[in-house]
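Right, one structure below, let's go through it.
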Amino acid sequence: MISNLLTIDYMKKIIAFTSVLLSTLILFTGCHKDLDKLPPNTETAVGLYSSESGYLSVLAKVYGSMALTGNVGPAGAGDVAGIDEGTSDFLRLFWKAQELSTDEAVVAWNDPGIQDFHNMNWSSANPMLKGLYYRSIYVITLCNEFIRESADDKLSSRGISGKAADNIRAMRAESRFVRAFQYWVLMDLYANPTFITENDKIGTFQPNQISRPELFKYINNELTALESQLSEPGAAGYGRVDKAALWAFKARLWLNAETYIPASAFATWPAPDGPLTAAKIYDNAVLNADKVIKSNRYSVKNNNYTSLFLADNNSNGSQREFIWSLNYDGVRTKNFGGTTFLVNASVGGDMNTSVSGLGGWGGLRTTKNLPLLFPDFTGAIDKRAQFVQGSQNIEIDNISEFKDGLAVVKYRNRTSTGAFGSDPEKTFSDIDFPVFRLPEMYLIYAEGVARGSTKGTVGQSVILINELRERAYGNNLGNINAVDINPEFILDERARELYWEGHRRTDLIRYNKFWQASYLWPWKGGVKNGTAVSEFRKIYPIPDSEIASNPKIKQNSGY
């Protein structure tokens, strides 16, 4: 039953929009963190859906549902029940599932279920895996309602026409994009989730299940249909999706297609120019990444890597490479997830908390595998190495001891001028989190070429990778050449460039290094030196509550 972990019924949650939208994050005015467009408490559903500005306010909740945890914030009226509100944030849950299960992160805490990630022994009862599953379903439900209420017949019945109707249709496309993204999360992590669209009536308690290959097809078809409906790159405004976000999404989707579509299905898989092949898969990845690169909307040339994850990254130049971001404000969008979690949890022991601008929770560190990918740990050579040594040990004898494992200070709630973020209590973060940023597109392009795509070139791949490395090194001493454009080098470069951005589990699965003994890291599988685990761990289980309440939903193999 979908609604069993939602705090109130779908209809009440969406139709009775009163204080719901007051805590919503939305960045619809350039690069400013402006909440002025939120409606007053007295707004009703009729009022909200009677004008373009009303629809914009509802769309705010769609976006905000991925950056906030409830209606009051930071605690007191969470969107998803059955889990601590501070833990229920989308980014916090997604990040843990993607990073704590890999070589990039460990955590000292003993919250129920949290050590299951690195031990790789999670079950269908894991509260954090349940929380993420239902958070995604919650966001999808909000999207479905907006899509329903913005259909042409609804606009016509409300007397909305002309430019206002066109703008609402564009918002509808954005909502469909967000829904597709959340379905990608469910497909990537859970493979075969519950499937609901705007055509399912509110209160449908036993929706159907969709298979991973069919969900891949659905997401790809949605994105293809939306390309003509979304704004040109940069036109929608910071924090909103546009065609560049769509191309970036398709590039990532196709890069991982061999994970989602069994090879046995290639011969019968619908493709415009004949049966699907591995080469065509990587052609799609390269072509879409190249669209983003050639849009001339984004640039890494003038950005400093260490400024990308600071409190003013919406205005310090970093925004030039953010294709789509989840946006946070330390005063107006308080919650204990998001980048507040990434900053606070990364500081502890005898570290100086002023390095980050927030207090230390003493939780997150990395295994030695990540810092050993860099020429040194201090960032003196490759500035992407954002680690704190001091009394931290690179070896992890005790996973629950914060000092075991190097601390990561990639996310710091300081501005580029050194000032603290906006929260006077120095608790909540202003750092925006990039869902897609330009360097990922460079790396997808290069990996696609390395894996056999003929739609890109090795020469261009070298140029793109060297642009990232010249920024990191401050010179050309780290530059590569054509021989380095191979999958293994690119996997390591992805770790150096994108670590702690929620990619690592998906990357290791794509490279067949997630569960196997061929690649180990400290405490993989709960063993100090690492061990292989069962192959079914490549997919997380459907929550046991979903299985129990809906006979249409079958559990993933192995659980």
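In the structure tokens, each chain is lettered A, B, ... as it comes, each chain's residues begin at 1, and ligands are numbered from 1 in order of appearance.
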Report task. For stretch 165-168 of chain A, please output as a count of residues only all residues within 10 Å (counting only C-alpha atoms; exclusion window: fewer than 2 positions along the same chain). Result -> 24
Report task. Run DSSP on the backbone and grab whatever in stretch 209-249 of chain A lands in helix (DSSP H, G or I); send it over as a VMD selection string. Result -> chain A and resid 212 to 226 243 to 249
Let me see the file: selected residues, N, CA and C atoms, as a PDB file, in the first residue's frame.
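out-v9.pdb written:
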```pdb
ATOM      1  N   ARG A 212      12.089  -3.862 -14.592  1.00  0.00           N
ATOM      2  CA  ARG A 212      13.181  -2.927 -14.861  1.00  0.00           C
ATOM      3  C   ARG A 212      13.311  -2.584 -16.345  1.00  0.00           C
ATOM      4  N   PRO A 213      13.322  -3.566 -17.269  1.00  0.00           N
ATOM      5  CA  PRO A 213      13.427  -3.200 -18.689  1.00  0.00           C
ATOM      6  C   PRO A 213      12.263  -2.350 -19.175  1.00  0.00           C
ATOM      7  N   GLU A 214      11.052  -2.662 -18.706  1.00  0.00           N
ATOM      8  CA  GLU A 214       9.894  -1.874 -19.124  1.00  0.00           C
ATOM      9  C   GLU A 214       9.944  -0.473 -18.536  1.00  0.00           C
ATOM     10  N   LEU A 215      10.471  -0.338 -17.327  1.00  0.00           N
ATOM     11  CA  LEU A 215      10.596   0.987 -16.729  1.00  0.00           C
ATOM     12  C   LEU A 215      11.659   1.795 -17.465  1.00  0.00           C
ATOM     13  N   PHE A 216      12.737   1.152 -17.873  1.00  0.00           N
ATOM     14  CA  PHE A 216      13.734   1.839 -18.702  1.00  0.00           C
ATOM     15  C   PHE A 216      13.077   2.396 -19.963  1.00  0.00           C
ATOM     16  N   LYS A 217      12.287   1.566 -20.623  1.00  0.00           N
ATOM     17  CA  LYS A 217      11.612   1.987 -21.852  1.00  0.00           C
ATOM     18  C   LYS A 217      10.672   3.164 -21.578  1.00  0.00           C
ATOM     19  N   TYR A 218       9.937   3.080 -20.466  1.00  0.00           N
ATOM     20  CA  TYR A 218       9.014   4.160 -20.098  1.00  0.00           C
ATOM     21  C   TYR A 218       9.776   5.471 -19.878  1.00  0.00           C
ATOM     22  N   ILE A 219      10.855   5.423 -19.099  1.00  0.00           N
ATOM     23  CA  ILE A 219      11.620   6.636 -18.803  1.00  0.00           C
ATOM     24  C   ILE A 219      12.195   7.227 -20.089  1.00  0.00           C
ATOM     25  N   ASN A 220      12.774   6.387 -20.924  1.00  0.00           N
ATOM     26  CA  ASN A 220      13.365   6.879 -22.168  1.00  0.00           C
ATOM     27  C   ASN A 220      12.302   7.496 -23.069  1.00  0.00           C
ATOM     28  N   ASN A 221      11.142   6.862 -23.169  1.00  0.00           N
ATOM     29  CA  ASN A 221      10.058   7.403 -23.995  1.00  0.00           C
ATOM     30  C   ASN A 221       9.548   8.734 -23.444  1.00  0.00           C
ATOM     31  N   GLU A 222       9.444   8.829 -22.117  1.00  0.00           N
ATOM     32  CA  GLU A 222       9.021  10.091 -21.504  1.00  0.00           C
ATOM     33  C   GLU A 222      10.006  11.203 -21.851  1.00  0.00           C
ATOM     34  N   LEU A 223      11.288  10.926 -21.709  1.00  0.00           N
ATOM     35  CA  LEU A 223      12.289  11.959 -21.991  1.00  0.00           C
ATOM     36  C   LEU A 223      12.286  12.358 -23.461  1.00  0.00           C
ATOM     37  N   THR A 224      12.106  11.396 -24.338  1.00  0.00           N
ATOM     38  CA  THR A 224      12.039  11.699 -25.769  1.00  0.00           C
ATOM     39  C   THR A 224      10.853  12.604 -26.071  1.00  0.00           C
ATOM     40  N   ALA A 225       9.715  12.318 -25.454  1.00  0.00           N
ATOM     41  CA  ALA A 225       8.510  13.130 -25.671  1.00  0.00           C
ATOM     42  C   ALA A 225       8.657  14.528 -25.092  1.00  0.00           C
ATOM     43  N   LEU A 226       9.422  14.658 -24.013  1.00  0.00           N
ATOM     44  CA  LEU A 226       9.526  15.944 -23.323  1.00  0.00           C
ATOM     45  C   LEU A 226      10.524  16.898 -23.964  1.00  0.00           C
ATOM     46  N   LYS A 243      16.040  21.507 -21.319  1.00  0.00           N
ATOM     47  CA  LYS A 243      16.515  20.513 -22.287  1.00  0.00           C
ATOM     48  C   LYS A 243      17.902  19.982 -21.940  1.00  0.00           C
ATOM     49  N   ALA A 244      18.751  20.808 -21.383  1.00  0.00           N
ATOM     50  CA  ALA A 244      20.086  20.338 -21.018  1.00  0.00           C
ATOM     51  C   ALA A 244      20.000  19.288 -19.919  1.00  0.00           C
ATOM     52  N   ALA A 245      19.121  19.501 -18.949  1.00  0.00           N
ATOM     53  CA  ALA A 245      18.923  18.497 -17.902  1.00  0.00           C
ATOM     54  C   ALA A 245      18.407  17.202 -18.506  1.00  0.00           C
ATOM     55  N   LEU A 246      17.528  17.322 -19.498  1.00  0.00           N
ATOM     56  CA  LEU A 246      17.003  16.131 -20.167  1.00  0.00           C
ATOM     57  C   LEU A 246      18.117  15.381 -20.890  1.00  0.00           C
ATOM     58  N   TRP A 247      18.974  16.095 -21.626  1.00  0.00           N
ATOM     59  CA  TRP A 247      20.080  15.432 -22.323  1.00  0.00           C
ATOM     60  C   TRP A 247      21.020  14.767 -21.322  1.00  0.00           C
ATOM     61  N   ALA A 248      21.293  15.462 -20.207  1.00  0.00           N
ATOM     62  CA  ALA A 248      22.168  14.896 -19.182  1.00  0.00           C
ATOM     63  C   ALA A 248      21.564  13.624 -18.593  1.00  0.00           C
ATOM     64  N   PHE A 249      20.265  13.663 -18.356  1.00  0.00           N
ATOM     65  CA  PHE A 249      19.558  12.506 -17.817  1.00  0.00           C
ATOM     66  C   PHE A 249      19.635  11.334 -18.800  1.00  0.00           C
TER      67      PHE A 249
END
```
Requested in this report: Step one, run DSSP on the backbone; step two, keep only residues of stretch 160-315 of chain A assigned to strand (DSSP E or B); then write them as a VMD selection string.
Outcome: chain A and resid 194 to 195 208 to 209 310
Report task. Might you pull out every residue within 12 Å of stretch 315-323 of chain A, with only C-alpha atoms counted and same-chain residues fewer than 6 positions away left off, and present them as a PyMOL selection string? Result -> chain A and resi 30-33+232-249+289+292-293+295-309+414-417+430-442+468
Given the selection you just returned, output its residues as a file containing C-alpha atoms, formatted as an mmCIF file, in the first residue's frame.
```cif
data_model
loop_
_atom_site.group_PDB
_atom_site.id
_atom_site.type_symbol
_atom_site.label_atom_id
_atom_site.label_comp_id
_atom_site.auth_asym_id
_atom_site.auth_seq_id
_atom_site.Cartn_x
_atom_site.Cartn_y
_atom_site.Cartn_z
ATOM 1 C CA GLY A 30 17.309 33.710 -11.358
ATOM 2 C CA CYS A 31 19.967 32.608 -8.910
ATOM 3 C CA HIS A 32 18.239 33.961 -5.805
ATOM 4 C CA LYS A 33 16.928 31.793 -2.992
ATOM 5 C CA GLU A 232 16.134 25.814 -23.927
ATOM 6 C CA PRO A 233 19.254 25.354 -21.771
ATOM 7 C CA GLY A 234 19.290 27.948 -19.004
ATOM 8 C CA ALA A 235 15.968 29.544 -19.945
ATOM 9 C CA ALA A 236 13.894 28.043 -17.117
ATOM 10 C CA GLY A 237 16.121 29.471 -14.387
ATOM 11 C CA TYR A 238 18.488 28.044 -11.798
ATOM 12 C CA GLY A 239 17.110 24.992 -10.033
ATOM 13 C CA ARG A 240 14.568 24.106 -12.730
ATOM 14 C CA VAL A 241 14.952 21.466 -15.407
ATOM 15 C CA ASP A 242 15.320 22.221 -19.105
ATOM 16 C CA LYS A 243 16.515 20.513 -22.287
ATOM 17 C CA ALA A 244 20.086 20.338 -21.018
ATOM 18 C CA ALA A 245 18.923 18.497 -17.902
ATOM 19 C CA LEU A 246 17.003 16.131 -20.167
ATOM 20 C CA TRP A 247 20.080 15.432 -22.323
ATOM 21 C CA ALA A 248 22.168 14.896 -19.182
ATOM 22 C CA PHE A 249 19.558 12.506 -17.817
ATOM 23 C CA ALA A 289 26.359 14.125 -23.363
ATOM 24 C CA VAL A 292 24.991 19.308 -23.247
ATOM 25 C CA ILE A 293 28.644 20.056 -23.951
ATOM 26 C CA SER A 295 24.964 23.846 -25.800
ATOM 27 C CA ASN A 296 27.537 26.493 -24.736
ATOM 28 C CA ARG A 297 25.457 27.114 -21.621
ATOM 29 C CA TYR A 298 27.891 25.493 -19.200
ATOM 30 C CA SER A 299 31.606 25.806 -18.498
ATOM 31 C CA VAL A 300 34.242 24.479 -16.104
ATOM 32 C CA LYS A 301 37.048 26.747 -17.290
ATOM 33 C CA ASN A 302 36.528 29.599 -14.849
ATOM 34 C CA ASN A 303 35.501 27.594 -11.792
ATOM 35 C CA ASN A 304 37.676 26.509 -8.882
ATOM 36 C CA TYR A 305 36.921 22.892 -7.900
ATOM 37 C CA THR A 306 36.996 23.675 -4.184
ATOM 38 C CA SER A 307 34.352 26.389 -4.649
ATOM 39 C CA LEU A 308 31.826 24.005 -6.221
ATOM 40 C CA PHE A 309 30.529 22.797 -2.871
ATOM 41 C CA ARG A 414 31.552 28.652 3.995
ATOM 42 C CA THR A 415 31.315 31.136 1.169
ATOM 43 C CA SER A 416 34.084 31.753 -1.343
ATOM 44 C CA THR A 417 35.098 34.783 0.755
ATOM 45 C CA ASP A 430 23.270 26.862 2.129
ATOM 46 C CA ILE A 431 25.122 24.493 -0.219
ATOM 47 C CA ASP A 432 23.207 23.462 -3.351
ATOM 48 C CA PHE A 433 23.684 19.877 -4.531
ATOM 49 C CA PRO A 434 24.271 19.265 -8.249
ATOM 50 C CA VAL A 435 22.132 16.395 -9.546
ATOM 51 C CA PHE A 436 23.808 16.809 -12.941
ATOM 52 C CA ARG A 437 26.913 18.856 -13.617
ATOM 53 C CA LEU A 438 28.998 19.314 -16.725
ATOM 54 C CA PRO A 439 32.049 17.196 -15.752
ATOM 55 C CA GLU A 440 29.809 14.121 -15.554
ATOM 56 C CA MET A 441 28.952 14.718 -19.209
ATOM 57 C CA TYR A 442 32.664 14.917 -20.091
ATOM 58 C CA LEU A 468 39.026 18.746 -15.786
#
```
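Here the question is which of A:Glu546, A:Glu258, A:Asp283, A:Asp273 gets nearest to A:Ile509 using only C-alpha atoms, and that residue is A:Glu258.
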Query raised in the report: Counting only C-alpha atoms, what is within 8 Å of A:Ser136, bar same-chain residues fewer than 3 positions away, as a ChimeraX atom specification?
Result: /A:90,132-133,139-140,182-183,185-186
Kindly export the residues of the current selection with N, CA and C atoms, as a short mmCIF file (atom, residue, chain, number, x, y, z; two decimals), in the first residue's frame.
```
data_model
loop_
_atom_site.label_atom_id
_atom_site.label_comp_id
_atom_site.auth_asym_id
_atom_site.auth_seq_id
_atom_site.Cartn_x
_atom_site.Cartn_y
_atom_site.Cartn_z
N PHE A 90 15.20 13.21 0.83
CA PHE A 90 15.56 12.43 -0.35
C PHE A 90 17.06 12.30 -0.53
N LEU A 132 13.61 5.68 1.57
CA LEU A 132 13.93 6.16 0.23
C LEU A 132 12.88 5.73 -0.77
N TYR A 133 12.46 4.48 -0.70
CA TYR A 133 11.43 3.98 -1.62
C TYR A 133 10.15 4.82 -1.52
N VAL A 139 7.15 11.70 -4.03
CA VAL A 139 7.43 12.72 -5.05
C VAL A 139 6.67 12.40 -6.33
N ILE A 140 6.65 11.13 -6.71
CA ILE A 140 5.91 10.72 -7.91
C ILE A 140 4.43 11.03 -7.77
N GLN A 182 12.60 10.33 -10.60
CA GLN A 182 12.34 9.50 -9.43
C GLN A 182 12.13 8.04 -9.82
N TYR A 183 11.54 7.81 -10.99
CA TYR A 183 11.43 6.43 -11.45
C TYR A 183 12.80 5.85 -11.80
N VAL A 185 15.51 6.59 -10.10
CA VAL A 185 16.03 6.22 -8.78
C VAL A 185 15.50 4.85 -8.37
N LEU A 186 14.19 4.65 -8.53
CA LEU A 186 13.60 3.37 -8.16
C LEU A 186 14.12 2.24 -9.05
#
```
Name all residues at most 10 Å from A:Ser518 (count only C-alpha atoms; drop same-chain ones fewer than 3 positions away) and give them as a short mmCIF file (atom, residue, chain, number, x, y, z; two decimals) with C-alpha atoms, in the first residue's frame.
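Output file part_9.cif is given in full below:
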```
data_model
loop_
_atom_site.label_atom_id
_atom_site.label_comp_id
_atom_site.auth_asym_id
_atom_site.auth_seq_id
_atom_site.Cartn_x
_atom_site.Cartn_y
_atom_site.Cartn_z
CA ASN A 512 31.12 -5.43 -12.35
CA LYS A 513 33.04 -4.45 -9.22
CA PHE A 514 30.25 -4.01 -6.69
CA TRP A 515 29.70 -7.51 -5.32
CA THR A 531 34.91 -9.83 0.89
CA ALA A 532 32.63 -10.71 -2.00
#
```
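Atom CA of A:Gly421 is positioned 19.1 Å from atom CA of A:Gly348.
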For A:Gly530, find every residue with an atom within 9 Å (counting only C-alpha atoms), except residues of its own chain fewer than 3 positions away, and show them as a PDB file with C-alpha atoms, in the first residue's frame.
```pdb
ATOM      1  CA  ALA A 517      35.902 -10.493  -5.022  1.00  0.00           C
ATOM      2  CA  TYR A 519      37.523  -5.498  -6.245  1.00  0.00           C
ATOM      3  CA  LEU A 520      37.597  -5.144  -2.461  1.00  0.00           C
ATOM      4  CA  TRP A 521      37.656  -2.284   0.005  1.00  0.00           C
ATOM      5  CA  PRO A 522      37.906  -2.096   3.813  1.00  0.00           C
ATOM      6  CA  TRP A 523      34.909  -3.642   5.529  1.00  0.00           C
ATOM      7  CA  LYS A 524      33.161  -4.528   2.287  1.00  0.00           C
ATOM      8  CA  GLY A 525      30.639  -7.156   3.310  1.00  0.00           C
ATOM      9  CA  GLY A 526      31.448  -6.576   6.998  1.00  0.00           C
ATOM     10  CA  VAL A 527      34.979  -8.037   6.765  1.00  0.00           C
TER      11      VAL A 527
END
```
